[in-house]
Amino acid sequence: MGISFENLEELIELINHVHGFDLRGYTRASLKRRVAHIMELYRLDFNNLKDNLVNTSGFFNRFLTEVTVNVTELFRDPAFYAALREEVFPYLATFPHIKLWSAGCSSGEEAYSLAILLKKQGLYERSFIYGTDINSKVLERAKQGIIDLRKMKEYSDNYLQTESGESLSEYYTVRYDAAIMHHELRKNILFSIHNLVSDGVFNEFQLITCRNVLIYFDLTLQQRVLKLLYESLAMFGFLCLGTKESLRSEQLKHKFRLINKKQNIYQKIA
Amino acid sequence: MLKAFPENLSIGVLVIIHRSPKYETNIEESIGTKCRIAIKVAEEKEPIKPATAYFAPAGYHLLVEPDRSLSLDVSEPVNFCRPSIDVTMQSTADVYGASVAAVLLSGANQDGAQGMQTIRNAGGLCIVQHPEYAEIKAMPEAAIARGAATLILNDEELVVFSQELNNHILKRD
């Protein structure tokens with residue numbers, strides 16, 4: 001089962017109209033794959049899909065969970081976290097309170113990674129991390145702080161590359177086939193719904209990570225979201241993008257200092 | 001094949017190789033100096049230009065947008081691969097239809113077989129490296145077994161095909 005680009009446009013309009021959810025700025029190739037996947041998963045043709053989106057209560061939420069990419073890891077890209085620790089945290093340490101925002105946090109692994117890194121550097125007690133996503137289902141998982149035990153091996157390897165000789169195991173408890181992040185680690189994290197496309201500034205942050213989110217947006221939407229992120233940063237705060245993403249406009253580039261080119265870390269200077 | 005493309009190649013080329021983001025490679029740079037077409041890592045939202053080969057970055061799927069620019073995606077691996085050949089081939093067929101030429105070379109799994117099938121069904125040209133010439137036969141064999149190959153070529157023939165690509169009757173739109 002597949003869907004044509006024409007049908008995809010029809011679906012985007014329908015979702016905007018019925019659910020007030022704006023997918024118009026999303027890249028089409030990726031969205032088309034996700035929608036085709038949903039149609040296969042629920043064994044729906046295009047007309048049934050539309051029917052369900054309009055008439056079946058709760059279906060849109062399930063659709064939303066599947067349509068966005070929720071692939072994440074603890075300490076994904078160890079080199080990124082090492083760069084944060086070496087090049088960013090010394091600055092953060094000079095702020096009395098450190099507010100961090102994991103934008104597009106999915107099931108929360110990035111927020112927990114930040115929490116562990118802060119704790120290790122003795123900064124956690126004066127930090128507060130906001131994890132936001134458009135998707136209430138993945139946020140529920142994030143709040144519970146439960147991670148599939150089978151994935152922990154890989155995450156431990158990631159962590160070993162970030163903090164050599166250190167073990168992740170001191171931060172979670174094993175129960176059956178799940179790793180549960182310690183309450184101690186969760187107390188300064190708040191997970192909440194926020195849509196980068198339609199919601200505005202909600203706080204002022206010393207550090208924002210928005211990694212591998214912009215790649216799903218077209219250029220116009222990327223500019224808009226980057227502006228939102230810029231406005232959400234405190235002066236001398238840091239912005240972390242995915243390694244294949246960029247600030248795009250010259251105008252915005254002038255307002256940031258490049259901290260780490262390879263890891264795409266910037267500091268707001270104007 | 002990349003070395004054999006003429007400098008006035010009238011189409012763009014997407015290159016997917018299976019490689020892990022955990023180990024850095026600089027294939028693009030080392031090959032680039034030996035080719036007459038431009039060789040680069042694909043950047044998201046970059047328009048596809050003729051006489052240029054775009055390599056999928058390690059850890060990302062490479063997709064084609066309806067406006068014929070490139071996009072990247074970190075969704076689940078397909079066939080345990082990201083980048084996956086199937087994903088890019090499917091996406092290319094979605095946008096270019098019959099005007100795609102696909103070449104599947106050596107590899108250790110079945111990635112690409114389904115993508116080749118999709119391109120063939122859309123009317124594109126599907127070439128598979130003769131398994132005897134492939135370092136690892138699994139990938140070309142899987143595509144051939146599916147009936148997804150329009151042509152099966154040995155290495156010399158692949159070079160000639162690349163040199164002559166401008167003169168092939170690819171349906172251009």
# chains A, B, ... in the order shown; residues from 1 in each chain; ligands from 1
$ residues_around --residues "segment 132-139 of chain A" --least-positions-apart "6" --cutoff "12 Å" --atoms "only C-alpha atoms" --output "PyMOL selection string"
chain A and resi 21-23+58+60-72+100-111+145-147+189-199+202+208-210+213
$ write_last_selection --atoms "N, CA and C atoms" --output "short mmCIF file (atom, residue, chain, number, x, y, z; two decimals), in the first residue's frame"
data_model
loop_
_atom_site.label_atom_id
_atom_site.label_comp_id
_atom_site.auth_asym_id
_atom_site.auth_seq_id
_atom_site.Cartn_x
_atom_site.Cartn_y
_atom_site.Cartn_z
N PHE A 21 -3.92 20.58 13.12
CA PHE A 21 -2.50 20.24 13.23
C PHE A 21 -1.82 20.49 11.89
N ASP A 22 -0.76 21.27 11.93
CA ASP A 22 -0.18 21.78 10.70
C ASP A 22 1.06 20.98 10.26
N LEU A 23 0.87 20.15 9.26
CA LEU A 23 2.00 19.37 8.72
C LEU A 23 2.52 19.97 7.41
N GLY A 58 -9.50 9.10 18.88
CA GLY A 58 -8.23 8.53 19.33
C GLY A 58 -7.30 8.13 18.20
N PHE A 60 -6.30 9.84 15.59
CA PHE A 60 -5.33 10.87 15.21
C PHE A 60 -4.08 10.84 16.10
N ASN A 61 -4.31 10.57 17.40
CA ASN A 61 -3.18 10.48 18.32
C ASN A 61 -2.24 9.35 17.95
N ARG A 62 -2.84 8.22 17.58
CA ARG A 62 -2.01 7.08 17.16
C ARG A 62 -1.28 7.42 15.86
N PHE A 63 -1.99 8.09 14.96
CA PHE A 63 -1.40 8.52 13.70
C PHE A 63 -0.19 9.42 13.98
N LEU A 64 -0.37 10.34 14.90
CA LEU A 64 0.69 11.30 15.23
C LEU A 64 1.93 10.60 15.80
N THR A 65 1.68 9.56 16.60
CA THR A 65 2.80 8.81 17.17
C THR A 65 3.64 8.15 16.08
N GLU A 66 2.93 7.64 15.07
CA GLU A 66 3.65 6.92 14.02
C GLU A 66 4.21 7.85 12.96
N VAL A 67 3.60 9.00 12.78
CA VAL A 67 3.99 9.84 11.65
C VAL A 67 5.28 10.61 11.95
N THR A 68 5.55 10.81 13.24
CA THR A 68 6.81 11.48 13.56
C THR A 68 7.87 10.42 13.84
N VAL A 69 9.11 10.78 13.61
CA VAL A 69 10.21 9.85 13.82
C VAL A 69 10.60 9.89 15.30
N ASN A 70 10.53 8.73 15.95
CA ASN A 70 10.83 8.68 17.39
C ASN A 70 12.04 7.80 17.68
N VAL A 71 13.05 7.96 16.86
CA VAL A 71 14.26 7.17 17.06
C VAL A 71 15.24 7.99 17.89
N THR A 72 15.62 7.47 19.04
CA THR A 72 16.53 8.22 19.90
C THR A 72 17.31 7.24 20.77
N LEU A 100 17.62 24.09 30.63
CA LEU A 100 17.92 23.42 29.37
C LEU A 100 16.62 22.95 28.71
N TRP A 101 16.62 22.95 27.39
CA TRP A 101 15.43 22.53 26.65
C TRP A 101 15.83 21.49 25.60
N SER A 102 15.28 20.29 25.76
CA SER A 102 15.44 19.27 24.74
C SER A 102 14.19 19.33 23.86
N ALA A 103 14.33 20.01 22.72
CA ALA A 103 13.18 20.29 21.85
C ALA A 103 13.01 19.16 20.84
N GLY A 104 11.83 18.53 20.84
CA GLY A 104 11.61 17.34 20.03
C GLY A 104 12.26 16.16 20.71
N CYS A 105 11.92 15.99 22.00
CA CYS A 105 12.67 15.05 22.86
C CYS A 105 12.25 13.61 22.69
N SER A 106 11.11 13.36 22.00
CA SER A 106 10.62 12.00 21.83
C SER A 106 10.48 11.30 23.19
N SER A 107 11.03 10.11 23.35
CA SER A 107 10.83 9.38 24.61
C SER A 107 11.83 9.78 25.70
N GLY A 108 12.52 10.89 25.52
CA GLY A 108 13.24 11.50 26.63
C GLY A 108 14.71 11.13 26.81
N GLU A 109 15.24 10.27 25.95
CA GLU A 109 16.61 9.80 26.15
C GLU A 109 17.63 10.95 26.17
N GLU A 110 17.39 11.96 25.32
CA GLU A 110 18.33 13.08 25.29
C GLU A 110 18.29 13.87 26.61
N ALA A 111 17.08 14.09 27.13
CA ALA A 111 16.95 14.81 28.41
C ALA A 111 17.65 14.04 29.52
N GLY A 145 10.40 7.25 32.51
CA GLY A 145 11.85 7.00 32.56
C GLY A 145 12.20 5.54 32.43
N ILE A 146 11.40 4.82 31.65
CA ILE A 146 11.64 3.39 31.48
C ILE A 146 12.28 3.14 30.11
N ILE A 147 13.37 2.40 30.14
CA ILE A 147 14.08 2.11 28.90
C ILE A 147 14.24 0.60 28.75
N ILE A 189 13.52 17.30 35.84
CA ILE A 189 13.13 17.23 34.42
C ILE A 189 11.62 17.35 34.32
N LEU A 190 11.15 18.16 33.38
CA LEU A 190 9.72 18.26 33.13
C LEU A 190 9.45 17.94 31.66
N PHE A 191 8.61 16.95 31.42
CA PHE A 191 8.23 16.63 30.05
C PHE A 191 6.86 17.22 29.75
N SER A 192 6.75 17.86 28.60
CA SER A 192 5.49 18.52 28.29
C SER A 192 5.30 18.65 26.78
N ILE A 193 4.03 18.80 26.40
CA ILE A 193 3.70 18.99 24.98
C ILE A 193 4.12 20.39 24.53
N HIS A 194 4.77 20.46 23.39
CA HIS A 194 5.05 21.74 22.76
C HIS A 194 5.25 21.45 21.28
N ASN A 195 4.62 22.28 20.45
CA ASN A 195 4.75 22.09 19.01
C ASN A 195 5.59 23.23 18.45
N LEU A 196 6.76 22.90 17.92
CA LEU A 196 7.67 23.91 17.39
C LEU A 196 7.04 24.66 16.22
N VAL A 197 6.08 24.01 15.56
CA VAL A 197 5.46 24.62 14.39
C VAL A 197 4.44 25.69 14.78
N SER A 198 3.71 25.44 15.86
CA SER A 198 2.58 26.32 16.16
C SER A 198 2.66 27.01 17.53
N ASP A 199 3.52 26.52 18.43
CA ASP A 199 3.62 27.15 19.75
C ASP A 199 4.81 28.13 19.79
N PHE A 202 8.35 29.78 25.52
CA PHE A 202 7.70 29.53 26.81
C PHE A 202 8.65 29.69 27.99
N ILE A 208 19.78 24.92 24.47
CA ILE A 208 18.70 24.25 23.74
C ILE A 208 19.31 23.21 22.81
N THR A 209 18.83 21.99 22.91
CA THR A 209 19.21 20.99 21.91
C THR A 209 17.99 20.72 21.05
N CYS A 210 18.19 20.83 19.75
CA CYS A 210 17.12 20.52 18.79
C CYS A 210 17.81 19.79 17.65
N VAL A 213 15.63 17.40 14.14
CA VAL A 213 14.22 17.79 14.07
C VAL A 213 14.03 18.63 12.81
#
$ interface_residues --of "chain A" --to "chain B" --cutoff "8 Å" --atoms "only C-alpha atoms" --output "ChimeraX atom specification"
/A:5,27-30,69-71,212,215-216,218-219,244-245
$ write_last_selection --atoms "C-alpha atoms" --output "JSON list (two decimals), in the first residue's frame"
[["chain", "number", "residue", "atom", "x", "y", "z"],
["A", 5, "PHE", "CA", 2.12, 12.91, -3.42],
["A", 27, "THR", "CA", 9.31, 17.46, 4.08],
["A", 28, "ARG", "CA", 7.14, 15.38, 1.82],
["A", 29, "ALA", "CA", 9.42, 12.43, 1.04],
["A", 30, "SER", "CA", 9.80, 11.48, 4.68],
["A", 69, "VAL", "CA", 10.21, 9.85, 13.82],
["A", 70, "ASN", "CA", 10.83, 8.68, 17.39],
["A", 71, "VAL", "CA", 14.26, 7.17, 17.06],
["A", 212, "ASN", "CA", 17.52, 15.94, 13.90],
["A", 215, "ILE", "CA", 15.64, 17.92, 8.79],
["A", 216, "TYR", "CA", 11.93, 17.04, 8.68],
["A", 218, "ASP", "CA", 11.09, 22.60, 4.71],
["A", 219, "LEU", "CA", 13.33, 25.66, 4.49],
["A", 244, "LYS", "CA", 23.58, 17.62, 9.26],
["A", 245, "GLU", "CA", 21.52, 20.71, 10.11]]
$ residues_around --residues "Asp111 of chain B" --least-positions-apart "4" --cutoff "12 Å" --atoms "only C-alpha atoms" --output "count of residues only"
30
$ atom_distance --atom1 "atom CA of Ser127 of chain A" --atom2 "atom CA of Pro78 of chain A"
21.2 Å
$ atom_distance --atom1 "atom CA of Asp157 of chain A" --atom2 "atom CA of Phe128 of chain A"
26.2 Å
$ select_by_dssp --residues "chain B" --states "strand (DSSP E or B)" --output "JSON, numbers by chain"
{"B": [13, 14, 15, 38, 39, 40, 41, 47, 52, 53, 54, 55, 61, 62, 63, 64, 69, 70, 71, 72, 73, 78, 81, 101, 102, 103, 104, 125, 126, 127, 128, 129, 151, 152, 153]}
$ residues_around --residues "Pro50 of chain B" --least-positions-apart "2" --cutoff "8 Å" --atoms "only C-alpha atoms" --output "VMD selection string"
chain B and resid 8 to 13 48 52
$ closest_residue --among "A:Thr56, A:Gln206, A:Asn16, A:Ser4" --to "Gln267 of chain A" --atoms "only C-alpha atoms"
A:Gln206
$ closest_residue --among "A:Glu154, A:Asp77, A:Glu9, A:Glu87" --to "Tyr26 of chain A" --atoms "only C-alpha atoms"
A:Glu9
$ select_by_dssp --residues "segment 13-152 of chain B" --states "helix (DSSP H, G or I)" --output "JSON list (two decimals) with C-alpha atoms, in the first residue's frame"
[["chain", "number", "residue", "atom", "x", "y", "z"],
["B", 27, "ILE", "CA", 35.53, 8.01, 0.70],
["B", 28, "GLU", "CA", 34.06, 11.12, -0.91],
["B", 29, "GLU", "CA", 37.33, 13.04, -0.69],
["B", 30, "SER", "CA", 39.53, 10.19, -1.84],
["B", 31, "ILE", "CA", 37.30, 9.37, -4.81],
["B", 32, "GLY", "CA", 36.60, 13.00, -5.63],
["B", 85, "ILE", "CA", 19.32, 1.45, -0.52],
["B", 86, "ASP", "CA", 15.65, 0.39, -0.58],
["B", 87, "VAL", "CA", 14.59, 3.68, 1.01],
["B", 88, "THR", "CA", 16.47, 5.86, -1.47],
["B", 89, "MET", "CA", 15.41, 3.79, -4.49],
["B", 90, "GLN", "CA", 11.75, 3.89, -3.45],
["B", 91, "SER", "CA", 11.93, 7.64, -2.94],
["B", 92, "THR", "CA", 13.72, 8.19, -6.26],
["B", 93, "ALA", "CA", 11.07, 6.14, -8.08],
["B", 94, "ASP", "CA", 8.34, 8.22, -6.37],
["B", 95, "VAL", "CA", 9.75, 11.42, -7.82],
["B", 96, "TYR", "CA", 11.42, 10.47, -11.09],
["B", 97, "GLY", "CA", 9.27, 7.51, -12.16],
["B", 98, "ALA", "CA", 10.55, 5.92, -15.36],
["B", 99, "SER", "CA", 13.54, 8.24, -15.74],
["B", 113, "ALA", "CA", 16.32, -5.79, -4.03],
["B", 114, "GLN", "CA", 12.93, -4.32, -3.19],
["B", 115, "GLY", "CA", 14.00, -0.84, -4.27],
["B", 116, "MET", "CA", 15.13, -2.18, -7.64],
["B", 117, "GLN", "CA", 11.78, -3.90, -8.02],
["B", 118, "THR", "CA", 9.99, -0.62, -7.34],
["B", 119, "ILE", "CA", 12.10, 1.24, -9.90],
["B", 120, "ARG", "CA", 11.58, -1.49, -12.46],
["B", 121, "ASN", "CA", 7.82, -1.44, -11.88],
["B", 131, "PRO", "CA", 27.37, -11.70, -8.93],
["B", 132, "GLU", "CA", 30.62, -13.30, -10.08],
["B", 133, "TYR", "CA", 32.21, -9.88, -10.24],
["B", 138, "ALA", "CA", 24.32, -11.60, -1.64],
["B", 139, "MET", "CA", 22.97, -8.23, -2.71],
["B", 140, "PRO", "CA", 23.09, -8.64, -6.51],
["B", 141, "GLU", "CA", 21.80, -12.20, -6.17],
["B", 142, "ALA", "CA", 18.82, -11.08, -4.08],
["B", 143, "ALA", "CA", 17.80, -8.54, -6.72],
["B", 144, "ILE", "CA", 18.20, -11.05, -9.55],
["B", 145, "ALA", "CA", 16.21, -13.67, -7.63]]
